[in-house]
Each structure stands twice: as C-alpha cells, then as structure tokens.
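Text of input_17.txt (compact mmCIF, C-alpha atoms) as supplied:
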# COMPACT_ATOMS: atom_id res chain seq x y z
CA MET A 693 -8.35 7.44 -2.15
CA ALA A 694 -6.47 9.26 -4.94
CA VAL A 695 -5.23 11.91 -2.48
CA ALA A 696 -4.09 9.21 -0.06
CA LEU A 697 -2.19 7.38 -2.80
CA PHE A 698 -0.50 10.58 -3.98
CA THR A 699 0.50 11.56 -0.43
CA PHE A 700 1.81 8.11 0.36
CA SER A 701 3.74 7.88 -2.93
CA LEU A 702 5.49 11.17 -2.09
CA ILE A 703 6.36 10.00 1.43
CA ILE A 704 7.65 6.60 0.36
CA PHE A 705 9.69 8.24 -2.40
CA LEU A 706 11.35 10.77 -0.09
CA LEU A 707 11.94 8.78 3.11
CA PRO A 708 14.48 6.24 1.72
CA ARG A 709 16.43 9.07 0.10
CA LEU A 710 16.79 10.82 3.46
CA ILE A 711 18.76 7.84 4.79
CA PRO A 712 22.51 8.40 4.43
CA GLY A 713 24.19 5.91 2.13
CA ASN A 714 24.75 4.86 -1.45
CA PRO A 715 22.02 2.61 -2.91
CA LEU A 716 24.58 1.23 -5.38
CA ALA A 717 27.15 0.27 -2.70
CA ALA A 718 25.97 -3.33 -2.16
CA LEU A 719 25.70 -4.05 -5.88
CA LEU A 720 29.11 -2.51 -6.66
CA ALA A 721 30.74 -4.47 -3.83
CA GLU A 722 29.26 -7.67 -5.20
CA ILE A 723 30.48 -6.84 -8.73
CA ALA A 724 33.97 -6.07 -7.45
CA GLN A 725 34.12 -9.28 -5.40
CA ARG A 726 32.67 -11.52 -8.10
CA GLY A 727 34.70 -10.16 -10.99
CA GLN A 728 37.77 -9.10 -9.03
CA ALA A 729 37.47 -5.82 -10.91
CA ASN A 730 39.98 -3.00 -10.47
CA PRO A 731 38.83 0.32 -8.96
CA GLU A 732 38.59 2.01 -12.35
CA ALA A 733 36.24 -0.69 -13.67
CA VAL A 734 34.08 -0.36 -10.54
CA ARG A 735 33.83 3.39 -11.10
CA ILE A 736 32.75 2.77 -14.70
CA TYR A 737 30.07 0.37 -13.47
CA GLU A 738 28.94 2.97 -10.95
CA ARG A 739 28.56 5.63 -13.64
CA MET A 740 26.65 3.21 -15.88
CA LEU A 741 24.29 2.22 -13.06
CA THR A 742 23.81 5.83 -11.98
CA ASP A 743 22.80 6.71 -15.54
CA TYR A 744 20.51 3.67 -15.70
CA PHE A 745 18.69 4.46 -12.45
CA LYS A 746 18.97 8.25 -13.03
CA PHE A 747 20.14 8.89 -9.48
CA ASP A 748 22.10 11.93 -10.67
CA ARG A 749 18.90 13.78 -11.62
CA PRO A 750 17.14 16.27 -9.33
CA LEU A 751 14.69 14.70 -6.90
CA TYR A 752 11.62 16.18 -8.54
CA GLN A 753 12.59 14.60 -11.89
CA GLN A 754 13.18 11.25 -10.21
CA TYR A 755 9.75 11.52 -8.59
CA PHE A 756 8.03 12.29 -11.90
CA ASP A 757 9.85 9.33 -13.48
CA PHE A 758 8.65 7.14 -10.61
CA MET A 759 5.04 8.27 -10.97
CA GLY A 760 5.18 7.89 -14.76
CA ARG A 761 6.33 4.28 -14.43
CA LEU A 762 3.73 3.69 -11.73
CA PHE A 763 0.87 4.77 -13.99
CA ARG A 764 2.18 2.37 -16.63
CA GLY A 765 2.23 -0.47 -14.09
CA ASP A 766 6.05 -0.56 -14.04
CA LEU A 767 7.54 -0.69 -10.53
CA GLY A 768 11.06 -0.38 -11.88
CA THR A 769 14.22 -2.47 -11.60
CA SER A 770 15.67 -3.54 -8.27
CA VAL A 771 19.08 -2.10 -7.37
CA ARG A 772 20.05 -4.88 -4.96
CA PHE A 773 18.91 -7.69 -7.27
CA PHE A 774 19.78 -5.99 -10.56
CA PRO A 775 18.61 -6.62 -13.28
CA SER A 776 15.49 -8.25 -11.78
CA LYS A 777 12.25 -6.31 -12.00
CA VAL A 778 10.57 -5.29 -8.74
CA SER A 779 7.26 -6.78 -9.91
CA GLU A 780 8.99 -10.13 -10.54
CA LEU A 781 10.55 -10.12 -7.07
CA ILE A 782 7.20 -9.34 -5.43
CA ALA A 783 5.48 -12.04 -7.50
CA ALA A 784 8.12 -14.58 -6.45
CA SER A 785 7.95 -13.86 -2.70
CA LEU A 786 4.27 -13.00 -2.30
CA PRO A 787 2.86 -16.57 -2.60
CA TRP A 788 4.99 -17.71 0.37
CA THR A 789 3.75 -14.83 2.52
CA LEU A 790 0.12 -15.33 1.49
CA ALA A 791 0.37 -19.06 2.20
CA LEU A 792 1.63 -18.28 5.70
CA LEU A 793 -0.33 -15.23 6.81
CA ILE A 794 -3.80 -15.77 5.31
CA PRO A 795 -4.39 -19.20 6.92
CA ALA A 796 -2.74 -18.07 10.18
CA THR A 797 -4.87 -14.91 10.32
CA LEU A 798 -8.12 -16.75 9.55
CA VAL A 799 -7.47 -19.58 12.00
CA SER A 800 -6.53 -17.19 14.82
CA TRP A 801 -9.52 -14.95 14.04
CA VAL A 802 -12.05 -17.80 14.16
CA ILE A 803 -10.58 -19.45 17.27
CA GLY A 804 -10.03 -16.13 19.05
CA ASN A 805 -13.57 -14.85 18.47
CA TYR A 806 -15.09 -18.14 19.57
CA LEU A 807 -12.99 -18.27 22.75
CA GLY A 808 -13.77 -14.62 23.46
CA VAL A 809 -17.54 -15.22 23.42
CA VAL A 810 -17.27 -18.43 25.46
CA ILE A 811 -15.23 -16.89 28.28
CA ALA A 812 -17.45 -13.77 28.23
CA PHE A 813 -20.46 -15.99 29.05
CA LYS A 814 -18.40 -17.69 31.78
CA ARG A 815 -17.12 -14.46 33.26
CA GLY A 816 -16.06 -14.90 36.88
CA ARG A 817 -16.17 -18.70 36.69
CA ARG A 818 -13.25 -21.10 36.79
CA THR A 819 -13.00 -21.33 32.98
CA ASP A 820 -12.68 -17.56 32.70
CA LYS A 821 -10.16 -17.38 35.55
CA VAL A 822 -7.94 -19.99 33.88
CA VAL A 823 -8.31 -19.18 30.17
CA TYR A 824 -8.43 -15.38 30.38
CA PRO A 825 -4.94 -14.90 31.91
CA VAL A 826 -3.44 -17.26 29.32
CA LEU A 827 -5.07 -15.35 26.47
CA LEU A 828 -4.01 -12.05 28.02
CA ILE A 829 -0.39 -13.18 28.17
CA LEU A 830 -0.53 -14.41 24.56
CA SER A 831 -2.09 -11.15 23.39
CA GLN A 832 0.76 -9.14 24.95
CA THR A 833 3.52 -11.45 23.74
CA PRO A 834 5.39 -10.14 20.69
CA TYR A 835 4.95 -12.69 17.93
CA TYR A 836 8.65 -12.56 17.04
CA TRP A 837 9.60 -13.35 20.67
CA LEU A 838 7.22 -16.29 20.58
CA ALA A 839 8.80 -17.31 17.27
CA MET A 840 12.27 -17.35 18.86
CA ILE A 841 11.02 -19.45 21.79
CA LEU A 842 9.40 -22.00 19.47
CA LEU A 843 12.49 -22.06 17.27
CA TYR A 844 14.86 -22.58 20.19
CA TYR A 845 12.82 -25.23 21.96
CA PHE A 846 11.33 -27.30 19.12
CA ALA A 847 14.03 -26.85 16.46
CA VAL A 848 17.33 -26.32 18.29
CA GLN A 849 16.72 -28.34 21.45
CA LEU A 850 14.31 -31.11 20.42
CA HIS A 851 15.16 -31.19 16.68
CA LEU A 852 11.50 -31.78 15.84
CA PHE A 853 11.38 -29.08 13.16
CA PRO A 854 13.91 -27.47 10.79
CA VAL A 855 15.64 -24.30 11.93
CA ALA A 856 15.13 -22.17 8.84
CA GLY A 857 13.85 -21.94 5.30
CA VAL A 858 10.65 -22.44 3.37
CA HIS A 859 11.69 -25.93 2.30
CA SER A 860 14.85 -28.03 2.27
CA PRO A 861 17.61 -26.38 0.19
CA LEU A 862 18.04 -29.24 -2.27
CA ARG A 863 14.34 -29.67 -3.02
CA VAL A 864 12.69 -28.15 -6.07
CA PRO A 865 9.10 -26.95 -5.48
CA ASN A 866 6.57 -29.41 -6.93
CA LEU A 867 3.28 -31.09 -6.04
CA SER A 868 4.74 -34.38 -4.87
CA ILE A 869 3.76 -35.76 -1.46
CA ASP A 870 7.38 -35.68 -0.27
CA PHE A 871 7.74 -31.98 -1.06
CA ILE A 872 4.39 -31.08 0.54
CA ILE A 873 5.38 -32.90 3.74
CA ASP A 874 8.73 -31.13 3.74
CA LEU A 875 6.97 -27.81 3.14
CA LEU A 876 4.55 -28.37 6.05
CA HIS A 877 7.49 -29.37 8.25
CA HIS A 878 9.09 -25.96 7.66
CA TYR A 879 5.72 -24.21 7.79
CA THR A 880 4.55 -25.38 11.22
CA LEU A 881 6.62 -23.19 13.55
CA PRO A 882 6.13 -19.87 11.70
CA PHE A 883 2.41 -20.67 11.47
CA LEU A 884 2.08 -21.45 15.19
CA SER A 885 4.06 -18.38 16.26
CA ILE A 886 1.57 -16.12 14.46
CA VAL A 887 -1.59 -18.07 15.38
CA LEU A 888 -0.86 -18.29 19.12
CA ALA A 889 -0.12 -14.58 19.56
CA ALA A 890 -2.99 -13.44 17.31
CA THR A 891 -5.53 -15.78 18.94
CA GLY A 892 -4.95 -14.11 22.29
CA TRP A 893 -5.39 -10.67 20.75
CA TRP A 894 -8.65 -11.54 18.95
CA ALA A 895 -10.04 -13.37 22.01
CA ILE A 896 -9.37 -10.49 24.42
CA GLY A 897 -11.00 -8.04 22.02
CA MET A 898 -14.07 -10.22 21.48
CA ARG A 899 -14.42 -10.89 25.22
CA ALA A 900 -14.65 -7.15 25.92
CA LEU A 901 -17.19 -6.65 23.13
CA ALA A 902 -19.24 -9.67 24.18
CA ILE A 903 -19.37 -8.61 27.85
CA TYR A 904 -20.78 -5.26 26.79
CA GLU A 905 -23.33 -7.02 24.58
CA THR A 906 -24.49 -9.44 27.30
CA GLY A 907 -26.16 -6.57 29.13
CA SER A 908 -28.38 -5.70 26.16
CA ASP A 909 -32.15 -5.79 26.56
CA TYR A 910 -32.72 -8.16 23.63
CA LEU A 911 -30.37 -10.71 25.17
CA LEU A 912 -31.98 -10.52 28.59
CA TYR A 913 -35.38 -10.95 26.94
CA ALA A 914 -34.19 -13.94 24.89
CA GLU A 915 -32.71 -15.48 28.02
CA SER A 916 -36.02 -15.04 29.87
CA LEU A 917 -37.75 -16.94 27.06
CA GLY A 918 -35.48 -19.92 27.67
CA VAL A 919 -33.29 -19.56 24.57
CA SER A 920 -30.34 -21.93 24.79
CA ASN A 921 -26.93 -20.66 25.86
CA ARG A 922 -25.39 -21.73 22.54
CA ARG A 923 -27.91 -19.70 20.58
CA LEU A 924 -27.38 -16.67 22.82
CA GLN A 925 -23.66 -16.93 22.09
CA ARG A 926 -24.39 -16.84 18.37
CA PHE A 927 -26.47 -13.68 18.84
CA VAL A 928 -23.68 -12.02 20.79
CA LEU A 929 -21.02 -13.16 18.32
CA ARG A 930 -22.83 -11.67 15.35
CA ASN A 931 -23.69 -8.39 17.05
CA SER A 932 -20.12 -7.94 18.37
CA MET A 933 -18.46 -8.79 15.07
CA LEU A 934 -18.12 -5.41 13.33
CA PRO A 935 -14.93 -4.19 15.07
CA GLN A 936 -13.38 -7.63 14.60
CA VAL A 937 -14.21 -7.58 10.89
CA THR A 938 -12.47 -4.21 10.63
CA GLY A 939 -9.38 -5.63 12.31
CA LEU A 940 -9.44 -8.66 10.03
CA ALA A 941 -9.65 -6.51 6.90
CA ILE A 942 -6.77 -4.30 8.03
CA ASN A 943 -4.74 -7.44 8.74
CA PHE A 944 -5.42 -8.67 5.23
CA GLY A 945 -4.61 -5.23 3.84
CA THR A 946 -1.15 -5.35 5.39
CA VAL A 947 -0.50 -9.01 4.56
CA LEU A 948 1.91 -8.04 1.76
CA GLY A 949 4.28 -6.64 4.36
CA GLY A 950 4.45 -10.09 5.89
CA ALA A 951 5.33 -10.84 9.49
CA LEU A 952 8.69 -9.17 9.00
CA ILE A 953 10.58 -10.35 12.08
CA THR A 954 8.94 -13.79 12.04
CA GLU A 955 10.18 -14.25 8.48
CA LEU A 956 13.65 -13.11 9.56
CA VAL A 957 13.70 -15.47 12.56
CA PHE A 958 12.83 -18.47 10.39
CA SER A 959 14.61 -17.21 7.23
CA TYR A 960 11.23 -17.53 5.56
CA ARG A 961 11.68 -15.83 2.20
CA GLY A 962 8.43 -13.94 1.89
CA THR A 963 7.74 -10.28 1.29
CA GLY A 964 8.70 -9.35 4.85
CA TYR A 965 12.15 -10.85 4.33
CA MET A 966 12.39 -9.00 1.02
CA ILE A 967 11.46 -5.68 2.68
CA TYR A 968 14.30 -6.23 5.14
CA GLN A 969 16.74 -6.89 2.30
CA SER A 970 15.61 -3.75 0.48
CA LEU A 971 15.99 -1.58 3.60
CA ILE A 972 19.49 -2.71 4.57
CA SER A 973 20.71 -2.25 0.99
CA LEU A 974 18.82 1.03 0.40
CA ASP A 975 17.13 -0.41 -2.67
CA TYR A 976 14.96 2.59 -3.49
CA MET A 977 13.04 0.88 -6.27
CA LEU A 978 12.19 -2.21 -4.24
CA ILE A 979 11.18 -0.16 -1.18
CA GLN A 980 8.93 2.04 -3.33
CA GLY A 981 7.39 -0.90 -5.17
CA VAL A 982 6.62 -3.04 -2.11
CA PHE A 983 5.14 -0.22 -0.06
CA MET A 984 3.07 1.15 -2.94
CA VAL A 985 1.50 -2.26 -3.49
CA LEU A 986 1.02 -2.53 0.28
CA MET A 987 -0.78 0.82 0.35
CA VAL A 988 -3.08 -0.12 -2.52
CA THR A 989 -4.04 -3.43 -0.86
CA LEU A 990 -4.72 -1.63 2.42
CA LEU A 991 -7.02 0.92 0.77
CA LEU A 992 -8.84 -1.86 -1.09
CA ALA A 993 -9.26 -3.77 2.17
CA ILE A 994 -10.83 -0.74 3.85
CA PHE A 995 -13.21 -0.36 0.89
CA ILE A 996 -14.18 -4.04 1.10
CA VAL A 997 -14.89 -3.60 4.83
CA ASP A 998 -17.58 -1.03 4.00
CA VAL A 999 -19.24 -3.53 1.67
CA ILE A 1000 -19.04 -6.35 4.23
CA TYR A 1001 -20.49 -4.09 6.92
CA ALA A 1002 -23.64 -3.65 4.86
CA TYR A 1003 -23.99 -7.42 4.62
CA ILE A 1004 -23.40 -8.07 8.33
CA ASP A 1005 -25.31 -5.15 9.86
CA PRO A 1006 -28.87 -4.52 8.56
CA ARG A 1007 -28.79 -1.00 10.03
CA ILE A 1008 -25.92 0.00 7.74
CA ARG A 1009 -27.58 -1.72 4.77
CA THR A 1010 -30.76 0.25 5.41
CA GLY A 1011 -28.76 3.47 5.57
CA TYR A 1012 -27.11 2.75 2.21
CA MET A 1013 -30.54 2.11 0.65
CA GLY A 1014 -31.86 5.38 2.00
CA GLY A 1015 -34.45 3.70 4.16

Can you dump the structure from the file as structure tokens?
Amino acid sequence: MAVALFTFSLIIFLLPRLIPGNPLAALLAEIAQRGQANPEAVRIYERMLTDYFKFDRPLYQQYFDFMGRLFRGDLGTSVRFFPSKVSELIAASLPWTLALLIPATLVSWVIGNYLGVVIAFKRGRRTDKVVYPVLLILSQTPYYWLAMILLYYFAVQLHLFPVAGVHSPLRVPNLSIDFIIDLLHHYTLPFLSIVLAATGWWAIGMRALAIYETGSDYLLYAESLGVSNRRLQRFVLRNSMLPQVTGLAINFGTVLGGALITELVFSYRGTGYMIYQSLISLDYMLIQGVFMVLMVTLLLAIFIVDVIYAYIDPRIRTGYMGG
C-alpha cells in the first residue's frame, strides 16, 4: 500500500505540471477584473503568489514540499479559490457527493442484484425476454447521457424539477421541512440518472453469475428435494455475490471523485464539480489534494473488501484461520 501511495503521489504531482498553462492565470485575471488593477500591480501580485506557492522552485523541491505537507495532514492552499485551504474545500463539497452517490449506489446495487437473480431463474421466458433487453440498454447507456435526457424532458419541457443546483439559490441550508423538500426536489433527477444506469449494470452482471450458478450440483440437489424457488434464489444470490461486493467496494472507493459529468449537467456542487473546476484552472494543489484523498479511500475500500470476503465466504474465512 505504501508503494502504491508513493507511486500515485508522484504521478498526480507530475501530470498537472505537464499541462501547458499558468496555474495563477485565473486568479490573476480575477484580481485584475475585481480591483481594476494596472499591469504593474498584477505583476507584483503574480510574484507574491509565485513566492507563496513556490512555483519558481525546481520540481523535486516542490515535490518534497508536497510530501512534507502531506505527512503533516496539510493538503495545501487552493490556487483557484485562494486563500481557501484544499481540505476545507473538500470538506465543504464532499457531503453533497456522499449524499448523492452512496444512496444511489446502494439502491442500484440491491435492485440490480435482485433483478439479475430473478431473470436468471426465468431465463428464456417472457419476463427474461422483456426485462433483459431493457436492463442491457440501461447498462450500456452513459449515465451523463441519461442525465441530459432526464434534465431536458422533466426539467426543461415539463418543468417538474429544477434545472440546476443542490438547492434553491436563496435558501440557506437548515433542517426545516421546506428546505428538505426543496433539497429532494433538486436531488431527484441526479439520483435517478445514476440509479437507472447502474441498476442495469449490476443486474446484467448478476444475471451472468447466477446463470452459471444455477447449473451447480448443490442447486440441482436442493431443487430435487422440493426446496422453494425463492429459497433457491437466496442460495444463488449469496454464492454469486463476491464479484458484486468487489464492484460495490470499488464504487465506494471512488465515490470522492463524484459522478463528474452528472454533477456538471445538473450544476451539482459536489467533489466531481470541484475536480472539474480544478482541472480547467490548473489548480495544482486542489488536483493533488482531491486525487490523493481519492487514492487513499480506494485503497481502504480494497482492504475492507478482503475483510468482507471472509465474512461472506466460509472458504476464505477458513483459509485465513489456517484450517
């Protein structure tokens, strides 16, 4: 894990700096426009900011500075949103992304796995012939394209939902009923765009796993004993679950990155939207901070998968215990 973190930190440090452009350009343009500063004053600001961020130092010194701050838990100061700290920006946007992606991922995972087992047991029948093509289309539909369709039809054409935002602009976040209703009103379309596409993907994967499992000897024996179809489905679901659990953990590991294009389509200000802002403005510090946290969460998710495997599969648990 330590080697992976070191390698990734080096890559994420170097890649943004290979992109042509000045990371201070957006901030200096904003300073010039806001303060109507003359060119000399802008140049003074540029020198001050260059000294502050130490962009004039050799790359290896900048990398050591970055790693030193990282070990102290300091992700640095954002260039684009100066003088805000990167950790503060992540903390402000992360709750919105978690509130969107965790429920959407869990709902799609549960529904998709259930549908996958059901249509596997009805393979070749009318239910399978109707539901399977629909799920296949959903699984191959880009979630951002689905987001644009939902936005155009339900928000632009029918005016049933707002076009953009996490909540109405004039509302201050609180726990009142009015704000929660407004929040859910904005939340519905982004949520559905992720759930619909992901449900198809999970269902198609589980159907393939379940079909393979239905030919197992233990299932044929249980069926010969008269075990109910519902109970057989539970057997198949549990024994086909390991690859799906891996996929779920990886999804959770990358949740910090957000559904980038979905957040852009709906102007949903989560971490995905923030990553976009950092990339277009070449905010080195914000890019490094977001992707380092993303890498750590992904590695932790993979570690947690190993623990969950031992709980789900007795064979793995026996192997860990040396039996």

Under the rule that only C-alpha atoms are counted, which of A:Leu702, A:Gln980, A:Leu781, A:Leu838 is the nearest residue to Leu888 in chain A?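 Ranked by minimum distance to Leu888 in chain A, first place goes to A:Leu838.
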
Find the residue from A:Ser916, A:Ala721, A:Leu901, A:Ile711 that sits nearest to Ala812 in chain A; use only C-alpha atoms when measuring.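 That would be A:Leu901, the residue with the smallest distance to Ala812 in chain A.
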
CA of Tyr824 in chain A to CA of Leu911 in chain A, distance in Å rounded to a single decimal: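 Pair CA of Tyr824 in chain A / CA of Leu911 in chain A returns 23.0 Å.
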
Residues within 9 Å of Met977 in chain A, all atoms listed in the file, excluding chain neighbours under 2 positions, as an NGL selection string: :A and (705 or 758 or 767-771 or 778 or 970 or 974-975 or 979-982)

Calculated over all atoms listed in the file, which of the candidates A:Leu850, A:Leu991, A:Ala856, A:Leu924 has the smallest distance to Leu875 in chain A?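 Answer, going by the shortest atom-to-atom distance: A:Ala856.
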
Give as a list of chain:residue names every residue, naming chains and numbers as the document does, that has an atom within 12 Å of (-11.8, -6.2, 25.6), counting all atoms listed in the file.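 Looking at atoms near the point gives A:Asn805, A:Gly808, A:Val809, A:Ile811, A:Ala812, A:Tyr824, A:Leu827, A:Leu828, A:Ser831, A:Gly892, A:Trp893, A:Trp894, A:Ala895, A:Ile896, A:Gly897, A:Met898, A:Arg899, A:Ala900, A:Leu901, A:Ala902, A:Ile903, A:Tyr904, A:Glu905, A:Ser932, A:Pro935, A:Gln936.
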
Write the selection just made, keeping C-alpha atoms, as a short mmCIF file (atom, residue, chain, number, x, y, z; two decimals), keeping the file's coordinate frame?
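For reference, part-v4.cif as written:
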data_model
loop_
_atom_site.label_atom_id
_atom_site.label_comp_id
_atom_site.auth_asym_id
_atom_site.auth_seq_id
_atom_site.Cartn_x
_atom_site.Cartn_y
_atom_site.Cartn_z
CA ASN A 805 -13.57 -14.85 18.47
CA GLY A 808 -13.77 -14.62 23.46
CA VAL A 809 -17.54 -15.22 23.42
CA ILE A 811 -15.23 -16.89 28.28
CA ALA A 812 -17.45 -13.77 28.23
CA TYR A 824 -8.43 -15.38 30.38
CA LEU A 827 -5.07 -15.35 26.47
CA LEU A 828 -4.01 -12.05 28.02
CA SER A 831 -2.09 -11.15 23.39
CA GLY A 892 -4.95 -14.11 22.29
CA TRP A 893 -5.39 -10.67 20.75
CA TRP A 894 -8.65 -11.54 18.95
CA ALA A 895 -10.04 -13.37 22.01
CA ILE A 896 -9.37 -10.49 24.42
CA GLY A 897 -11.00 -8.04 22.02
CA MET A 898 -14.07 -10.22 21.48
CA ARG A 899 -14.42 -10.89 25.22
CA ALA A 900 -14.65 -7.15 25.92
CA LEU A 901 -17.19 -6.65 23.13
CA ALA A 902 -19.24 -9.67 24.18
CA ILE A 903 -19.37 -8.61 27.85
CA TYR A 904 -20.78 -5.26 26.79
CA GLU A 905 -23.33 -7.02 24.58
CA SER A 932 -20.12 -7.94 18.37
CA PRO A 935 -14.93 -4.19 15.07
CA GLN A 936 -13.38 -7.63 14.60
#

Between A:Ile942, A:Ile967, A:Leu830, A:Leu852, which residue has the minimum interatomic distance to Phe983 in chain A, considering only C-alpha atoms? A:Ile967

Could you check which of A:Gln925, A:Met840, A:Leu710, A:Lys821 is closest to Leu884 in chain A, using all atoms listed in the file? A:Met840

For Pro882 in chain A, work out the shell of residues within 8 Å, counting only C-alpha atoms and skipping chain neighbours fewer than 3 positions away, then give it as a VMD selection string. chain A and resid 792 839 878 to 879 885 to 886 954 to 955 958

Computed gap from CA of Val937 in chain A to CA of Thr699 in chain A is 26.7 Å

At what distance in Å, to one decimal, does CA of Met966 in chain A lie from CA of Phe883 in chain A?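 Atom-to-atom, CA of Phe883 in chain A and CA of Met966 in chain A are spaced 18.6 Å apart.
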